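S.K.: Next comes the structure file protein.txt, holding compact mmCIF, C-alpha atoms.
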# COMPACT_ATOMS: atom_id res chain seq x y z
CA MET A 1 147.47 136.41 98.63
CA SER A 2 149.78 136.54 95.66
CA GLY A 3 148.46 138.13 92.48
CA LYS A 4 149.43 134.96 90.61
CA GLY A 5 147.99 131.60 91.58
CA PRO A 6 146.69 130.69 95.03
CA GLY A 7 149.78 131.92 96.88
CA PHE A 8 151.64 129.93 99.52
CA PHE A 9 150.05 128.61 102.69
CA SER A 10 151.70 131.43 104.66
CA ASP A 11 149.75 133.93 102.51
CA ILE A 12 146.37 132.73 103.83
CA GLY A 13 145.00 135.52 106.02
CA ARG A 14 148.14 137.61 105.58
CA SER A 15 146.42 140.90 104.70
CA GLY A 16 144.35 140.93 107.90
CA ARG A 17 147.26 139.61 109.96
CA ASP A 18 149.48 142.46 108.75
CA ILE A 19 146.99 145.07 109.96
CA LEU A 20 146.81 143.45 113.42
CA THR A 21 150.51 142.65 113.92
CA LYS A 22 152.92 144.14 111.38
CA ASP A 23 155.25 146.92 112.66
CA TYR A 24 153.81 146.85 116.20
CA ASN A 25 156.73 146.60 118.65
CA SER A 26 157.82 147.63 122.13
CA ASP A 27 161.52 148.15 121.42
CA GLN A 28 163.64 150.85 119.81
CA ARG A 29 165.05 150.03 116.39
CA PHE A 30 167.32 152.01 114.06
CA THR A 31 168.10 150.74 110.57
CA ILE A 32 170.13 152.26 107.75
CA SER A 33 170.44 150.67 104.34
CA SER A 34 172.09 151.46 101.03
CA SER A 35 172.08 150.03 97.52
CA ALA A 36 174.61 150.06 94.71
CA ASN A 37 174.15 149.67 90.98
CA SER A 38 176.39 146.61 91.13
CA GLY A 39 173.60 144.68 92.90
CA LEU A 40 175.05 144.97 96.41
CA ASP A 41 172.71 146.01 99.25
CA LEU A 42 173.96 146.79 102.77
CA LYS A 43 171.85 147.15 105.91
CA SER A 44 172.78 147.80 109.55
CA THR A 45 170.31 147.51 112.44
CA LEU A 46 170.57 148.46 116.11
CA VAL A 47 167.89 147.33 118.59
CA LYS A 48 167.33 148.15 122.25
CA SER A 49 164.80 145.93 124.00
CA ARG A 50 164.17 145.55 127.74
CA GLY A 51 167.41 147.39 128.50
CA LEU A 52 169.52 145.13 126.27
CA SER A 53 171.14 146.25 123.04
CA SER A 54 171.85 144.14 119.98
CA GLY A 55 172.57 144.65 116.32
CA ASP A 56 173.34 143.05 113.00
CA VAL A 57 174.82 143.83 109.61
CA THR A 58 173.42 142.35 106.40
CA ALA A 59 175.01 142.24 102.97
CA GLU A 60 173.03 141.03 99.96
CA PHE A 61 174.36 140.56 96.44
CA LYS A 62 172.07 139.99 93.44
CA TYR A 63 173.24 138.67 90.10
CA LYS A 64 170.76 137.59 87.42
CA ASN A 65 168.57 134.93 89.07
CA LYS A 66 170.83 134.42 92.10
CA VAL A 67 170.87 136.15 95.50
CA VAL A 68 173.49 135.67 98.23
CA ASN A 69 172.72 137.06 101.69
CA PHE A 70 175.09 137.30 104.68
CA LYS A 71 173.92 138.44 108.11
CA VAL A 72 176.23 138.85 111.13
CA ASP A 73 174.85 139.78 114.56
CA THR A 74 176.37 140.86 117.87
CA GLU A 75 176.11 137.28 119.19
CA SER A 76 178.67 136.23 116.54
CA ASN A 77 176.07 134.29 114.55
CA VAL A 78 176.51 134.26 110.78
CA LEU A 79 173.46 133.47 108.65
CA THR A 80 174.17 132.65 105.01
CA THR A 81 171.34 132.27 102.50
CA PHE A 82 171.68 131.38 98.81
CA THR A 83 168.60 131.74 96.58
CA VAL A 84 168.25 130.69 92.95
CA SER A 85 165.09 131.66 91.07
CA ASP A 86 163.67 129.87 88.02
CA VAL A 87 165.79 126.75 88.47
CA ILE A 88 162.88 125.30 86.57
CA PRO A 89 159.90 127.47 85.50
CA TYR A 90 157.89 128.79 88.48
CA ALA A 91 160.33 127.39 91.07
CA LYS A 92 163.14 128.66 93.30
CA THR A 93 165.56 127.00 95.71
CA ILE A 94 166.79 128.42 99.02
CA SER A 95 169.80 127.08 100.93
CA SER A 96 170.68 128.45 104.37
CA ILE A 97 172.89 127.79 107.37
CA ARG A 98 173.46 129.69 110.61
CA LEU A 99 177.02 129.36 111.94
CA PRO A 100 178.44 128.25 114.32
CA ASP A 101 175.45 125.85 114.53
CA TYR A 102 176.34 123.44 111.73
CA SER A 103 173.12 121.47 112.30
CA SER A 104 171.01 124.49 111.26
CA GLY A 105 171.50 123.91 107.53
CA LYS A 106 168.31 123.73 105.46
CA PHE A 107 167.38 123.29 101.81
CA GLU A 108 164.00 124.51 100.54
CA VAL A 109 162.13 124.40 97.24
CA GLN A 110 159.28 126.82 96.47
CA TYR A 111 156.92 126.33 93.54
CA LEU A 112 154.16 128.77 92.52
CA HIS A 113 151.94 128.13 89.49
CA ASP A 114 148.53 129.32 88.33
CA HIS A 115 146.52 126.83 90.42
CA VAL A 116 148.96 125.18 92.80
CA ALA A 117 151.78 126.20 95.12
CA PHE A 118 153.95 124.27 97.52
CA THR A 119 157.09 124.52 99.64
CA LEU A 120 159.32 121.65 100.73
CA GLY A 121 162.10 122.16 103.27
CA VAL A 122 164.57 119.56 104.54
CA GLY A 123 167.08 120.02 107.35
CA LEU A 124 170.65 119.11 106.40
CA THR A 125 171.28 116.69 109.29
CA ARG A 126 171.36 112.93 109.77
CA SER A 127 167.82 112.98 111.19
CA PRO A 128 166.28 115.96 109.43
CA ALA A 129 162.98 117.69 110.02
CA ILE A 130 160.85 117.82 106.88
CA ASP A 131 158.49 120.77 106.36
CA PHE A 132 155.84 120.75 103.66
CA SER A 133 153.04 123.14 102.73
CA GLY A 134 150.72 123.20 99.75
CA THR A 135 147.79 125.20 98.40
CA MET A 136 145.38 124.75 95.51
CA GLY A 137 143.00 127.22 93.90
CA THR A 138 143.10 130.66 92.34
CA PRO A 139 143.88 134.20 93.55
CA SER A 140 140.18 134.41 94.54
CA ILE A 141 139.73 131.15 96.47
CA ALA A 142 142.29 128.72 97.81
CA PHE A 143 142.71 126.02 100.41
CA GLY A 144 145.85 124.42 101.76
CA ALA A 145 147.70 122.68 104.55
CA GLU A 146 151.14 122.57 106.14
CA THR A 147 152.93 119.93 108.18
CA SER A 148 156.27 119.14 109.79
CA TYR A 149 157.65 115.64 110.27
CA SER A 150 160.51 114.79 112.63
CA THR A 151 162.51 111.82 111.37
CA SER A 152 164.28 111.53 114.73
CA LEU A 153 160.93 111.23 116.59
CA ALA A 154 159.19 109.44 113.71
CA LYS A 155 156.06 111.55 114.07
CA PHE A 156 154.36 114.69 112.81
CA THR A 157 155.11 117.69 115.04
CA LYS A 158 152.81 120.17 113.26
CA TYR A 159 149.81 120.09 110.97
CA ASN A 160 147.57 123.03 110.06
CA ALA A 161 144.95 123.70 107.39
CA GLY A 162 143.47 126.87 105.93
CA LEU A 163 140.90 128.28 103.52
CA CYS A 164 140.62 131.79 102.08
CA PHE A 165 138.32 133.83 99.87
CA LYS A 166 139.26 137.08 98.20
CA MET A 167 136.82 139.54 96.62
CA PRO A 168 137.63 142.91 94.97
CA SER A 169 137.12 144.88 98.22
CA SER A 170 137.19 142.20 100.92
CA SER A 171 138.72 138.90 101.97
CA ALA A 172 138.08 136.17 104.53
CA SER A 173 140.10 133.27 105.88
CA VAL A 174 139.80 130.31 108.24
CA ILE A 175 142.89 128.65 109.71
CA LEU A 176 142.84 125.48 111.83
CA GLY A 177 146.13 125.28 113.73
CA ASP A 178 148.04 123.74 116.62
CA LYS A 179 147.17 120.20 115.47
CA GLY A 180 143.49 121.09 115.44
CA ASP A 181 143.46 122.74 118.89
CA SER A 182 142.95 126.31 117.64
CA MET A 183 140.97 128.09 114.97
CA LYS A 184 141.19 131.64 113.60
CA VAL A 185 138.51 133.26 111.46
CA SER A 186 139.22 136.69 109.99
CA TYR A 187 137.46 139.13 107.67
CA LEU A 188 138.94 142.23 106.04
CA HIS A 189 137.10 144.99 104.19
CA GLN A 190 138.78 147.72 102.18
CA LEU A 191 137.69 151.32 102.86
CA GLU A 192 137.92 152.84 99.42
CA ARG A 193 136.29 156.11 100.54
CA LEU A 194 138.94 156.59 103.25
CA ASN A 195 142.05 156.75 101.09
CA GLY A 196 142.43 152.99 100.79
CA GLY A 197 142.36 152.01 104.47
CA ALA A 198 140.83 148.79 105.78
CA VAL A 199 139.05 147.28 108.78
CA VAL A 200 139.58 143.71 109.99
CA GLY A 201 137.96 141.46 112.56
CA GLU A 202 139.46 138.24 113.89
CA ILE A 203 138.02 135.59 116.19
CA SER A 204 140.40 132.98 117.60
CA ARG A 205 139.48 130.02 119.78
CA ARG A 206 141.59 127.46 121.63
CA PHE A 207 139.50 124.34 122.12
CA SER A 208 141.56 122.79 124.93
CA THR A 209 141.01 125.80 127.22
CA ASN A 210 137.74 127.15 125.75
CA GLU A 211 139.46 130.54 125.42
CA ASN A 212 138.09 132.99 122.87
CA THR A 213 139.69 136.20 121.67
CA LEU A 214 138.01 138.80 119.49
CA THR A 215 140.26 141.40 117.91
CA VAL A 216 139.24 144.31 115.70
CA GLY A 217 141.65 146.59 113.90
CA CYS A 218 141.87 149.21 111.20
CA SER A 219 144.34 151.04 109.02
CA LEU A 220 143.84 154.52 107.62
CA VAL A 221 145.89 156.17 104.90
CA VAL A 222 146.03 159.79 106.09
CA ASP A 223 147.98 160.91 103.03
CA SER A 224 150.51 159.51 100.57
CA GLN A 225 153.18 159.46 103.32
CA THR A 226 151.30 158.64 106.54
CA VAL A 227 149.44 155.57 107.77
CA LEU A 228 147.59 155.12 111.07
CA LYS A 229 146.69 151.73 112.56
CA ALA A 230 144.85 150.65 115.72
CA LYS A 231 143.64 147.38 117.26
CA LEU A 232 141.65 146.31 120.33
CA ASN A 233 140.70 142.90 121.70
CA ASN A 234 138.10 141.72 124.21
CA HIS A 235 140.81 141.39 126.91
CA GLY A 236 141.29 145.17 126.87
CA ASN A 237 144.59 145.22 124.96
CA LEU A 238 144.77 148.37 122.84
CA GLY A 239 147.46 149.06 120.25
CA ALA A 240 148.09 152.11 118.09
CA LEU A 241 150.66 152.85 115.38
CA LEU A 242 151.73 155.76 113.20
CA GLN A 243 154.05 155.29 110.22
CA HIS A 244 155.37 158.25 108.24
CA GLU A 245 157.54 158.19 105.13
CA LEU A 246 160.22 160.82 105.75
CA THR A 247 161.79 160.57 102.31
CA SER A 248 161.60 157.98 99.56
CA LYS A 249 161.84 154.52 101.26
CA SER A 250 162.77 156.04 104.66
CA PHE A 251 160.18 155.47 107.41
CA LEU A 252 159.56 156.48 111.01
CA THR A 253 157.21 154.16 112.91
CA VAL A 254 155.90 154.82 116.43
CA SER A 255 153.63 152.35 118.25
CA GLY A 256 152.15 151.90 121.70
CA ALA A 257 150.35 149.18 123.69
CA PHE A 258 147.90 149.89 126.52
CA GLU A 259 145.91 147.85 129.04
CA THR A 260 142.46 149.47 129.11
CA LYS A 261 141.33 147.25 132.01
CA ASP A 262 144.32 148.25 134.14
CA LEU A 263 145.08 151.91 133.57
CA ASP A 264 147.70 151.89 136.36
CA LYS A 265 149.85 149.56 134.30
CA ASN A 266 152.54 151.40 132.39
CA PRO A 267 151.97 151.48 128.61
CA LYS A 268 154.63 150.11 126.28
CA PHE A 269 156.02 152.25 123.51
CA GLY A 270 158.33 151.44 120.66
CA PHE A 271 159.70 153.10 117.55
CA SER A 272 161.70 152.19 114.50
CA LEU A 273 163.57 154.40 112.08
CA LEU A 274 164.52 153.09 108.64
CA LEU A 275 166.81 155.35 106.61
CA LYS A 276 167.68 154.69 103.00
CA PRO A 277 169.84 157.48 101.57
What does this structure look like when you write it as structure tokens?
M.R.:
Amino acid sequence: MSGKGPGFFSDIGRSGRDILTKDYNSDQRFTISSSANSGLDLKSTLVKSRGLSSGDVTAEFKYKNKVVNFKVDTESNVLTTFTVSDVIPYAKTISSIRLPDYSSGKFEVQYLHDHVAFTLGVGLTRSPAIDFSGTMGTPSIAFGAETSYSTSLAKFTKYNAGLCFKMPSSSASVILGDKGDSMKVSYLHQLERLNGGAVVGEISRRFSTNENTLTVGCSLVVDSQTVLKAKLNNHGNLGALLQHELTSKSFLTVSGAFETKDLDKNPKFGFSLLLKP
């Protein structure tokens, strides 16, 4: 959750979700970035996944309360994003379009105050999709919902709801998703005696299939430059990750995925290298 106000709906359960999912991957990724005093940031990324290679180049320019971002990938797609902060107090606007798909244009407003936050996004087409999310509360307790409405279909295509609690050394969240067909309950506890690591447990249930998944995970700060993470669910899927800061803001991340119920199945390994000279 954000330190100010209840945070956005996407922040509900984020801390536990990051331990269970963030930086885990099965591909090879190399990224190099650089910054200039003029406000220009450049980043190049190469990815190899399942034998296929791809890449992209991103340029971002910041000036006062405005940010312009250009991203070009090897599929000749060009994503342009224009962000303006503090258009009015506590609000920002985001405009984006991915060329050559002219129907991908979108305009979004984000508002974050002490006790309320919301986002409103509208597609820039004749029959746009409208996305809305809102939360109410404080940094300690908040509840919210999100929905998407298709004007071309004249119906809601998504609606979810969530609730979260945050204490000094722990947090809990409940998210009802997939139009009420699934529910996720998670709990995170900080391990202050182990260099600031954390443990998290998550139970997810899909009502239409009566399928339950229990996942437990942890993160451990080995030292100021190294973090270890691991996760395991009741289906026997084991994941492990090591992230080491080579130099300031340059990271090497290595992760692996294993099937404990089928040891003959080849494990999946991935790594990413982020260099920032």
S.K.: Pick out the closest residue to A:Thr151 from this set: A:Ala36, A:Leu163, A:Val222, A:Ile130. Count all atoms listed in the file.
M.R.: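 For A:Thr151, the nearest of the given residues is A:Ile130.
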S.K.: Select, counting only C-alpha atoms, all protein, DNA and RNA residues no farther than 7 Å from (151.9, 152.4, 108.9) in file coordinates, and express the selection as a VMD selection string.
M.R.: chain A and resid 226 to 229 241 to 244 253
S.K.: At a cut-off of 9 Å, using all atoms listed in the file, what residues contact A:Gly7? Leave out same-chain residues fewer than 2 positions from it and give the result as a PyMOL selection string.
M.R.: chain A and resi 1-5+9-12+112-113+115-118+135-139+142
S.K.: Figure out the distance between atom CA of A:Val47 and atom CA of A:Ser34, please, to one decimal in Å.
M.R.: 18.5 Å
S.K.: Could you give me, as JSON, numbers by chain, the residues that have an atom at most 12 Å away from the point (174.9, 120.4, 106.2) in the coordinates of the file, using only C-alpha atoms?
M.R.: {"A": [95, 96, 97, 98, 99, 100, 101, 102, 103, 104, 105, 106, 107, 122, 123, 124, 125, 126, 127, 128]}
S.K.: Give the answer as one residue: which of A:Asn65, A:Thr247, A:Asn160, A:Asn25 has the shortest atom-to-atom distance to A:Gly39, using only C-alpha atoms?
M.R.: A:Asn65
S.K.: Between atom CA of A:Gly55 and atom CA of A:Phe30, what is the spacing in Å?
M.R.: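 Atom CA of A:Phe30 sits 9.3 Å away from atom CA of A:Gly55.
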S.K.: Rounded to one decimal place, report the atom CA of A:Thr147-atom CA of A:Ser186 distance in Å.
M.R.: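 Value for the atom CA of A:Thr147-atom CA of A:Ser186 distance: 21.7 Å.
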S.K.: Give the answer as one residue: which of A:Thr83, A:Thr58, A:Ser204, A:Ser140 has the shortest atom-to-atom distance to A:Leu40, using all atoms listed in the file?
M.R.: A:Thr58
S.K.: Do you know which residues are at most 10 Å from A:Cys218 counting only C-alpha atoms, after dropping those on the same chain fewer than 2 positions away, and could you put them as a list in words?
M.R.: Gly16, Ile19, Leu20, Leu188, His189, Gln190, Leu191, Gly197, Ala198, Val199, Val200, Gly201, Val216, Leu220, Leu228, Lys229, Ala230, Lys231, Leu232 and Ala240 of chain A
S.K.: Adding 4 Å on each side of the box along x, y and z that holds all listed atoms of stretch 141-148 of chain A, could you give its centre and edge lengths in Å to one decimal, as JSON?
M.R.:
{"center_x": 148.0, "center_y": 125.1, "center_z": 103.1, "size_x": 24.5, "size_y": 20.0, "size_z": 21.3}
S.K.: So that I can check the surroundings of A:Leu176, please list as a list in words every protein, DNA and RNA residue that reaches within 7 Å of it, counting all atoms listed in the file and ignoring chain neighbours fewer than 3 positions away.
M.R.: Asn160, Ala161, Gly162, Gly180, Ser182, Met183 and Lys184 of chain A
S.K.: Taking all atoms listed in the file into account, which of A:Lys166, A:His235, A:Lys179, A:Lys62 comes nearest A:Arg14?
M.R.: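 Distance minimum relative to A:Arg14 lands on A:Lys166.
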